[in-house]
Every structure is written in C-alpha cells, then in structure tokens.
>>> print(open('data-v7.cif').read())   # mmCIF, C-alpha atoms
data_run
#
loop_
_atom_site.label_atom_id
_atom_site.label_comp_id
_atom_site.auth_asym_id
_atom_site.auth_seq_id
_atom_site.Cartn_x
_atom_site.Cartn_y
_atom_site.Cartn_z
CA MET A 265 110.15 50.33 130.02
CA ASP A 266 112.90 52.57 131.47
CA LYS A 267 111.88 55.57 133.51
CA ASN A 268 112.48 58.89 131.83
CA TYR A 269 114.97 61.22 133.50
CA PHE A 270 112.21 63.56 134.76
CA GLU A 271 110.56 60.73 136.74
CA VAL A 272 113.90 59.78 138.32
CA LEU A 273 114.74 63.36 139.32
CA ASN A 274 111.18 64.09 140.48
CA ALA A 275 111.24 61.06 142.81
CA ILE A 276 114.28 62.34 144.76
CA ASP A 277 113.40 63.62 148.25
CA VAL A 278 114.70 67.18 148.63
CA ASN A 279 112.98 68.07 151.91
CA GLY A 280 116.16 67.78 153.98
CA LYS A 281 117.86 70.35 151.74
CA THR A 282 115.26 73.13 151.90
CA GLU A 283 115.00 76.27 153.99
CA LYS A 284 111.86 78.21 154.84
CA LYS A 285 112.00 82.01 154.47
CA GLY A 286 108.71 83.78 155.06
CA ASN A 287 106.01 81.97 153.10
CA LEU A 288 108.46 80.43 150.61
CA THR A 289 110.59 77.30 150.66
CA TYR A 290 114.04 77.45 149.09
CA LEU A 291 116.10 74.54 147.85
CA SER A 292 119.88 74.77 148.23
CA TRP A 293 121.22 75.63 144.77
CA ALA A 294 124.57 73.93 145.40
CA TRP A 295 122.89 70.70 146.49
CA ALA A 296 120.43 70.76 143.56
CA TRP A 297 123.22 71.27 141.04
CA GLY A 298 125.32 68.54 142.67
CA GLU A 299 122.45 66.03 142.58
CA LEU A 300 121.67 66.87 138.95
CA LYS A 301 125.32 66.41 137.94
CA LYS A 302 125.48 63.04 139.77
CA LYS A 303 122.61 61.76 137.65
CA HIS A 304 123.48 63.73 134.47
CA PRO A 305 127.20 64.59 134.33
CA ASP A 306 126.72 66.27 130.93
CA ALA A 307 124.10 68.75 132.24
CA THR A 308 124.97 72.39 131.57
CA TYR A 309 123.65 75.78 132.54
CA THR A 310 123.55 79.16 130.85
CA ILE A 311 123.32 82.62 132.36
CA TYR A 312 121.91 84.81 129.62
CA GLU A 313 123.45 88.27 129.25
CA ASN A 314 121.76 91.34 127.80
CA GLU A 315 123.02 93.24 124.75
CA ASN A 316 125.52 95.13 126.96
CA GLY A 317 127.03 91.92 128.35
CA TRP A 318 125.39 92.32 131.79
CA ASN A 319 124.18 89.20 133.57
CA TYR A 320 120.76 90.74 134.17
CA HIS A 321 118.04 92.38 132.09
CA THR A 322 116.14 95.58 132.82
CA ASP A 323 113.16 97.66 131.77
CA GLY A 324 114.78 100.77 133.27
CA LYS A 325 112.80 100.43 136.53
CA THR A 326 113.52 96.92 137.85
CA ALA A 327 115.58 93.95 136.69
CA TRP A 328 115.48 90.18 136.25
CA VAL A 329 117.78 87.34 135.31
CA LYS A 330 117.38 84.71 132.63
CA THR A 331 118.98 81.30 133.10
CA GLY A 332 118.73 77.93 131.42
CA VAL A 333 119.59 74.37 132.39
CA THR A 334 120.09 71.69 129.75
CA VAL A 335 119.71 67.96 130.43
CA ASP A 336 119.88 65.38 127.67
CA GLY A 337 119.73 68.14 125.05
CA LEU A 338 116.55 69.72 126.50
CA GLU A 339 116.89 73.25 127.89
CA HIS A 340 114.45 74.71 130.40
CA ILE A 341 114.66 78.49 130.80
CA GLU A 342 113.72 80.42 133.93
CA TYR A 343 113.16 84.17 134.31
CA LEU A 344 113.30 85.53 137.85
CA PRO A 345 112.94 89.12 139.10
CA ILE A 346 115.65 90.51 141.37
CA MET A 347 113.84 90.79 144.70
CA ASP A 348 114.41 91.86 148.28
CA ASN A 349 113.90 89.68 151.36
CA ARG A 350 110.14 90.40 151.21
CA ASN A 351 110.00 89.16 147.60
CA ASN A 352 109.35 92.61 146.17
CA SER A 353 111.22 93.76 143.06
CA ILE A 354 114.22 95.93 143.85
CA LEU A 355 114.37 99.26 142.01
CA LEU A 356 117.16 99.30 139.42
CA GLU A 357 119.19 102.02 141.18
CA ASN A 358 119.22 99.95 144.42
CA ILE A 359 120.36 96.63 142.94
CA LYS A 360 123.72 95.33 144.16
CA SER A 361 125.84 92.64 142.57
CA THR A 362 125.03 90.32 145.49
CA ASP A 363 121.31 90.70 144.71
CA VAL A 364 121.98 89.66 141.11
CA ASN A 365 124.14 86.71 142.18
CA LYS A 366 121.53 85.37 144.63
CA THR A 367 118.82 85.70 141.99
CA ILE A 368 120.92 83.83 139.43
CA GLN A 369 121.40 80.93 141.86
CA ARG A 370 117.66 80.82 142.70
CA SER A 371 116.79 81.00 139.00
CA LEU A 372 119.15 78.14 138.17
CA THR A 373 117.61 76.07 140.97
CA LYS A 374 114.14 76.68 139.52
CA ALA A 375 115.41 75.74 136.05
CA VAL A 376 116.78 72.50 137.53
CA ALA A 377 113.35 71.92 139.13
CA ARG A 378 111.72 72.14 135.69
CA HIS A 379 113.69 68.97 134.91
CA GLY A 380 112.07 67.31 137.96
CA LEU A 381 114.43 67.76 140.93
CA GLY A 382 112.46 69.50 143.68
CA LEU A 383 109.67 70.62 141.38
CA TYR A 384 107.03 69.79 143.99
CA ILE A 385 108.30 72.49 146.39
CA TYR A 386 107.27 75.14 143.87
CA ALA A 387 103.71 73.81 143.54
CA GLY A 388 101.33 76.51 144.69
CA GLU A 389 104.06 79.13 145.18
CA ASP A 390 101.90 81.55 143.27
CA LEU A 391 99.07 81.08 145.78
CA PRO A 392 99.40 83.55 148.65
CA GLU A 393 99.02 82.43 152.26
CA GLU A 394 96.13 84.87 152.68
CA SER A 395 94.00 82.76 150.32
CA LYS A 396 93.72 80.03 152.98
CA SER A 397 90.52 79.83 155.01
CA GLU A 398 90.60 79.99 158.82
CA GLU A 399 89.86 76.25 158.93
CA GLU A 400 92.80 75.49 156.65
CA LYS A 401 95.11 77.63 158.79
CA ALA A 402 93.89 75.87 161.96
CA PHE A 403 94.42 72.45 160.37
CA ASP A 404 97.93 73.45 159.25
CA LYS A 405 98.79 74.54 162.78
CA LYS A 406 97.37 71.36 164.31
CA THR A 407 99.34 69.03 162.02
CA GLU A 408 102.66 70.87 162.42
CA LYS A 409 103.82 68.58 165.26
CA ILE A 410 102.93 65.43 163.33
CA LYS A 411 104.90 66.68 160.35
CA LYS A 412 108.04 67.20 162.43
CA ASP A 413 108.00 63.83 164.28
CA THR A 414 110.10 61.05 162.73
CA ILE A 415 108.31 58.13 161.10
CA SER A 416 107.80 54.67 162.60
CA ALA A 417 109.62 51.48 161.63
CA LYS A 418 106.40 50.34 159.92
CA ASP A 419 106.33 53.50 157.78
CA GLN A 420 110.00 52.95 156.91
CA GLU A 421 109.16 49.44 155.65
CA ILE A 422 106.27 50.83 153.59
CA LEU A 423 108.62 53.30 151.89
CA LYS A 424 111.17 50.55 151.17
CA LYS A 425 108.45 48.39 149.55
CA VAL A 426 107.09 51.26 147.46
CA CYS A 427 110.62 52.09 146.26
CA GLU A 428 111.25 48.46 145.34
CA ASN A 429 107.91 48.18 143.53
CA LYS A 430 108.74 51.29 141.49
CA GLY A 431 112.21 49.97 140.62
CA TYR A 432 114.19 52.40 142.79
CA LYS A 433 116.88 51.86 145.37
CA VAL A 434 116.12 53.65 148.65
CA GLU A 435 119.54 55.37 148.64
CA ASP A 436 118.85 56.83 145.17
CA ILE A 437 115.72 58.57 146.43
CA PHE A 438 116.49 59.62 150.00
CA THR A 439 119.42 61.75 151.08
CA LYS A 440 119.24 60.63 154.71
CA PRO A 441 118.35 57.41 156.58
CA LEU A 442 114.64 56.55 156.57
CA SER A 443 114.70 56.57 160.40
CA GLU A 444 115.34 60.36 160.23
CA LEU A 445 112.43 61.16 157.90
CA THR A 446 109.69 63.33 159.35
CA GLY A 447 105.99 62.73 158.86
CA GLU A 448 105.88 65.53 156.31
CA GLU A 449 108.76 64.08 154.32
CA TYR A 450 107.12 60.64 154.47
CA VAL A 451 103.82 61.89 153.03
CA THR A 452 105.61 63.89 150.32
CA ALA A 453 107.76 60.90 149.37
CA LEU A 454 104.76 58.53 149.19
CA ASN A 455 102.77 60.98 147.06
CA LYS A 456 105.67 61.43 144.66
CA LEU A 457 106.46 57.72 144.45
CA ASN A 458 102.80 56.81 143.94
CA GLY A 459 102.59 59.37 141.13
CA VAL A 460 105.48 57.68 139.26
CA LYS A 461 104.38 54.95 136.87
#
>>> encode(input="data-v7.cif", output="structure tokens")
Amino acid sequence: MDKNYFEVLNAIDVNGKTEKKGNLTYLSWAWAWGELKKKHPDATYTIYENENGWNYHTDGKTAWVKTGVTVDGLEHIEYLPIMDNRNNSILLENIKSTDVNKTIQRSLTKAVARHGLGLYIYAGEDLPEESKSEEEKAFDKKTEKIKKDTISAKDQEILKKVCENKGYKVEDIFTKPLSELTGEEYVTALNKLNGVK
C-alpha cells in the first residue's frame, strides 16, 4: 500500500530549518513552501481578503489573517492573530504592513504543517512553559547538551535501517548528512519514523 502524502510530509526532518524565539519554535516559511512544492508541484495557497479587499481581518480592536494551503485538492485553513515579538495581539491602530506580512508567512507555514510538513514542532505550542514542574525544567536543562551533540555512527546506521524498513530513502527525509544530526534531531526522527505505518 502506498503511503499517503501526509505520512511522507510528516516524516521529513525539519529541525535544521527551525529557529527558536522565546518559548516558540519557528519553521522557515520559504523552506517549508519549497519542500512542499518539491513533493507536490500543484500545491497552491490562498490569502483570504476581507470585504474591503484587505489581506487581514479585524474586530475593530485587533486583527488576524486567514490563509489556506491546498494539496491534492484538500485545503487546510489557518487563522493567526497579528502579534508582537512577545506573542501578544497588536492593537489595530499600531499594526504595520510588515506585521501583516510576517503573520501571513507564519500562517501559511502552519497551514503547510496541517498537511504534515513540520507538524510536530507545533505539538504542545498551546501549553505554556510555566506549566512545567521544577523536575521537568531540571531534566530539560540536564539533557540540553545531549540534544546538541551529533549522533554516533551506530545511530546513523539505525536511522538508515529504519528509513529502509519504512520504504524511504534517507535523502528524502533528511535535509543534511546523518553525521550532522544532533541527539535531539535523532530522537525526533526516530519517533516520527516509528509512528509511520
């Protein structure tokens, strides 16, 4: 049985294309769109305008954008508030065109993720950092070094075998050589690959 397109996109490692800002991880919109178009050249996106032809929507106090990404005839729509660098909604009178543009790109990236590419980086984004216990925070701090170290040759072989067993080519899943993968990327890749049937 052929894999559905979601499984293929969801198995792609995006860790090397993310950036951490505050408590959130962002995926490069240009890279995400490029990867989607490589796999699905007919994919399209829509930036929904309001009744006045503006590329954002408002309740008179704040604003948001609405975007959609279509793959194989299936559209996933994403709504995203226009926010400042602390992820608070910007008051309508303070919104600049650059704020709208950045929000559109982030919204499109999230709509792409609904099709599978990079979806795992959004898991738990609605759970604030403050909800972690002191033990969880200590564990996170302790494992930070392990996450950043590159993986061993043995771990590289394990990933190659798992990819082969799942019917993937290593170069279709990873955007960089396996020898450059960190421990964190290795664990994420194994979890994703093991979740694919």
>>> atom_distance(input="data-v7.cif", atom1="CA of Val434 (chain A)", atom2="CA of Ala294 (chain A)")
22.2 Å
>>> residues_around(input="data-v7.cif", residues="Gly332 (chain A)", least_positions_apart="4", cutoff="10 Å", atoms="only C-alpha atoms", output="ChimeraX atom specification")
/A:308-312,338-343,371-376
>>> resolve_selection(input="data-v7.cif", expression="the PyMOL selection byres ((chain A and resi 432) around 12)", output="list in words")
Asp266, Lys267, Glu271, Val272, Leu273, Ala275, Ile276, Leu423, Lys424, Lys425, Val426, Cys427, Glu428, Asn429, Lys430, Gly431, Lys433, Val434, Glu435, Asp436, Ile437, Phe438, Leu457, Val460 and Lys461 of chain A
>>> atom_distance(input="data-v7.cif", atom1="CA of His321 (chain A)", atom2="CA of Leu381 (chain A)")
26.4 Å
>>> atom_distance(input="data-v7.cif", atom1="CA of Asn279 (chain A)", atom2="CA of Asp413 (chain A)")
14.0 Å
>>> closest_residue(input="data-v7.cif", among="A:Leu454, A:Ser416, A:Thr439, A:Met347", to="Thr362 (chain A)", atoms="all atoms listed in the file")
A:Met347
>>> closest_residue(input="data-v7.cif", among="A:Asn352, A:Thr289, A:Asn268, A:Thr367", to="His379 (chain A)", atoms="all atoms listed in the file")
A:Asn268
>>> resolve_selection(input="data-v7.cif", expression="the PyMOL selection byres ((chain A and resi 336) around 8)", output="PyMOL selection string")
chain A and resi 304+306-307+334-335+337-338
>>> closest_residue(input="data-v7.cif", among="A:Ile359, A:Gln420, A:Trp293, A:Tyr384", to="Asn455 (chain A)", atoms="all atoms listed in the file")
A:Tyr384
>>> closest_residue(input="data-v7.cif", among="A:Gln369, A:Asn314, A:Asn274, A:Ser353", to="Leu291 (chain A)", atoms="all atoms listed in the file")
A:Gln369
